[in-house]
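Novice: Provided herewith is a single structure, encoded as structure tokens, for subsequent inquiry.
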Amino acid sequence: MSGWLGGWFGGGSASKKSQASKEAILGLRTQLDMLQKREAHTEKQIIEQENIARKHVQTNKTIARNAIKKKKQLEQNLTVTQQHINTLETQMNAVENANINIETISAMKKADDAMRKIHGQIGIEKVDDTMDQIRESMANAEEVSQAITSVTLTEGPDEDEIRAEIEAMEQEALDKQMLGAPSVPAGTHTVRPLNNANKIEEEDDEEAELRKLQAEMAM
């Protein structure tokens, strides 16, 4: 099969055969057109002879008989012409179909040659290697995506620092309640023990009592 295709489509021989089929179709169409014109002309002549016979059938039978005789000859010619037309039409259809078949097979062969050339450039091993590379790239992309989403961009505040600051604020509030002292920023206020506060309060009472006695003596 491949040898037959190569013989038919190979080199300049294919071009010559294709051109020959086109010329054959053109010749058949030209001859067919001529026969169809002859057919139409013969049919017109038959009608004319029939009209002549009808016109003279009662007045001049000789003319009528000759017209009928000529009509019969024309009908025989018409039959032959129509047979030729049918033969040419059948032959032309066969040539056209054969030409279409050849062109179709030629297109199919070109497509097959192209596929063979492509497959020769891209073998199954190359396809497997390419697919492995694609899978590897996709796996790397997935790992990068997971690594990015797992990173904490900003760390939260330290819980120990929060707890220490709250305790300092609580102690400051307690000192204000006990001493009536102004608010001191957290971290700069020195927390005094509770017994020291009691001691200071006792000393203030003693100074007040002393000042009272001094005032009474002065009077």
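Every chain in the structure tokens has a letter given in the order shown (A, B, ...), and although residue numbers restart at 1 in each chain, ligands are simply numbered from 1 in the order shown.
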How close does each residue of region 62-155 of chain A get to region 28-33 of chain A, giving the shortest atom pair and distance in Å to one decimal for every residue with an atom at most 7 Å away, counting only C-alpha atoms, sorted by chain and residue number, as CSV?
Specialist:
```
residue,atom,partner,partner_atom,distance
A:Ile85,CA,A:Leu32,CA,6.1
A:Leu88,CA,A:Leu32,CA,6.4
A:Met92,CA,A:Leu28,CA,6.1
```
Novice: I need the residues from that last selection saved to file as a JSON list (two decimals), in the first residue's frame (with C-alpha atoms), if you can.
Specialist:
```json
[["chain", "number", "residue", "atom", "x", "y", "z"],
["A", 85, "ILE", "CA", -24.73, 12.66, -22.84],
["A", 88, "LEU", "CA", -20.17, 11.41, -20.74],
["A", 92, "MET", "CA", -17.10, 12.59, -15.88]]
```
Novice: So that I can check the surroundings of region 51-57 of chain A, please list as a PyMOL selection string every protein, DNA and RNA residue that reaches within 12 Å of it, counting only C-alpha atoms and ignoring chain neighbours fewer than 6 positions away.
Specialist: chain A and resi 44-45+63-72
Novice: What would the file look like if the residues just selected were written as a tab-separated table (two decimals), in the first residue's frame with C-alpha atoms?
Specialist:
```
chain	number	residue	atom	x	y	z
A	44	LYS	CA	-36.61	22.28	-31.25
A	45	GLN	CA	-36.39	20.82	-34.79
A	63	ILE	CA	-45.50	17.68	-47.06
A	64	ALA	CA	-47.01	16.22	-43.91
A	65	ARG	CA	-45.47	12.79	-44.64
A	66	ASN	CA	-42.02	14.28	-45.29
A	67	ALA	CA	-42.26	16.27	-42.07
A	68	ILE	CA	-43.15	13.14	-40.10
A	69	LYS	CA	-40.28	11.27	-41.77
A	70	LYS	CA	-37.81	14.01	-40.87
A	71	LYS	CA	-39.19	14.12	-37.36
A	72	LYS	CA	-38.49	10.41	-36.95
```
Novice: Rank nothing, just name the residue among A:Ile134, A:Ala114, A:Met34, A:Met178 nearest to Gln82 (chain A), using only C-alpha atoms.
Specialist: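 Of A:Ile134, A:Ala114, A:Met34, A:Met178, the one nearest Gln82 (chain A) is A:Met34, counting only C-alpha atoms.
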Novice: Compile the contact shell of Ser21 (chain A) as a list of chain:residue names: residues with an atom at most 12 Å away, counting only C-alpha atoms, same-chain residues fewer than 3 positions apart removed.
Specialist: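 Contacts, in chain order: A:Ala14, A:Ser15, A:Lys16, A:Lys17, A:Ser18, A:Ala24, A:Ile25, A:Leu26, A:Gly27, A:Leu28, A:Gln91, A:Met92, A:Asn93, A:Ala94, A:Val95, A:Glu96, A:Asn97, A:Ala98, A:Asn99, A:Ile100, A:Asn101, A:Ile102, A:Glu103.
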Novice: Please produce a file of the residues just selected, as a compact mmCIF listing (two decimals), in the first residue's frame, where the atoms kept are C-alpha atoms.
Specialist:
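Contents of again-v6.txt, freshly written:
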```txt
# COMPACT_ATOMS: atom_id res chain seq x y z
CA ALA A 14 2.04 13.06 -9.00
CA SER A 15 1.79 16.56 -10.44
CA LYS A 16 1.49 15.22 -14.01
CA LYS A 17 -1.23 12.74 -13.05
CA SER A 18 -3.19 15.39 -11.19
CA ALA A 24 -9.75 14.99 -18.73
CA ILE A 25 -12.55 16.51 -16.69
CA LEU A 26 -12.31 19.76 -18.63
CA GLY A 27 -12.49 17.90 -21.96
CA LEU A 28 -15.52 15.88 -20.83
CA GLN A 91 -17.56 9.05 -17.14
CA MET A 92 -17.10 12.59 -15.88
CA ASN A 93 -18.56 11.69 -12.49
CA ALA A 94 -16.20 8.71 -12.29
CA VAL A 95 -13.17 10.86 -13.11
CA GLU A 96 -14.22 13.56 -10.64
CA ASN A 97 -14.75 10.99 -7.91
CA ALA A 98 -11.40 9.40 -8.67
CA ASN A 99 -9.73 12.80 -8.57
CA ILE A 100 -11.40 13.60 -5.25
CA ASN A 101 -10.27 10.25 -3.88
CA ILE A 102 -6.72 10.91 -4.97
CA GLU A 103 -6.72 14.39 -3.43
```
Novice: Find the distance between CA of His84 (chain A) and CA of Arg38 (chain A) and write it in Å to one decimal.
Specialist: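 A separation of 11.1 Å between them.
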Novice: Quick one: DSSP helix (DSSP H, G or I) residues in region 32-190 of chain A, as a ChimeraX atom specification?
Specialist: /A:32-56,61-121,124-150,159-179
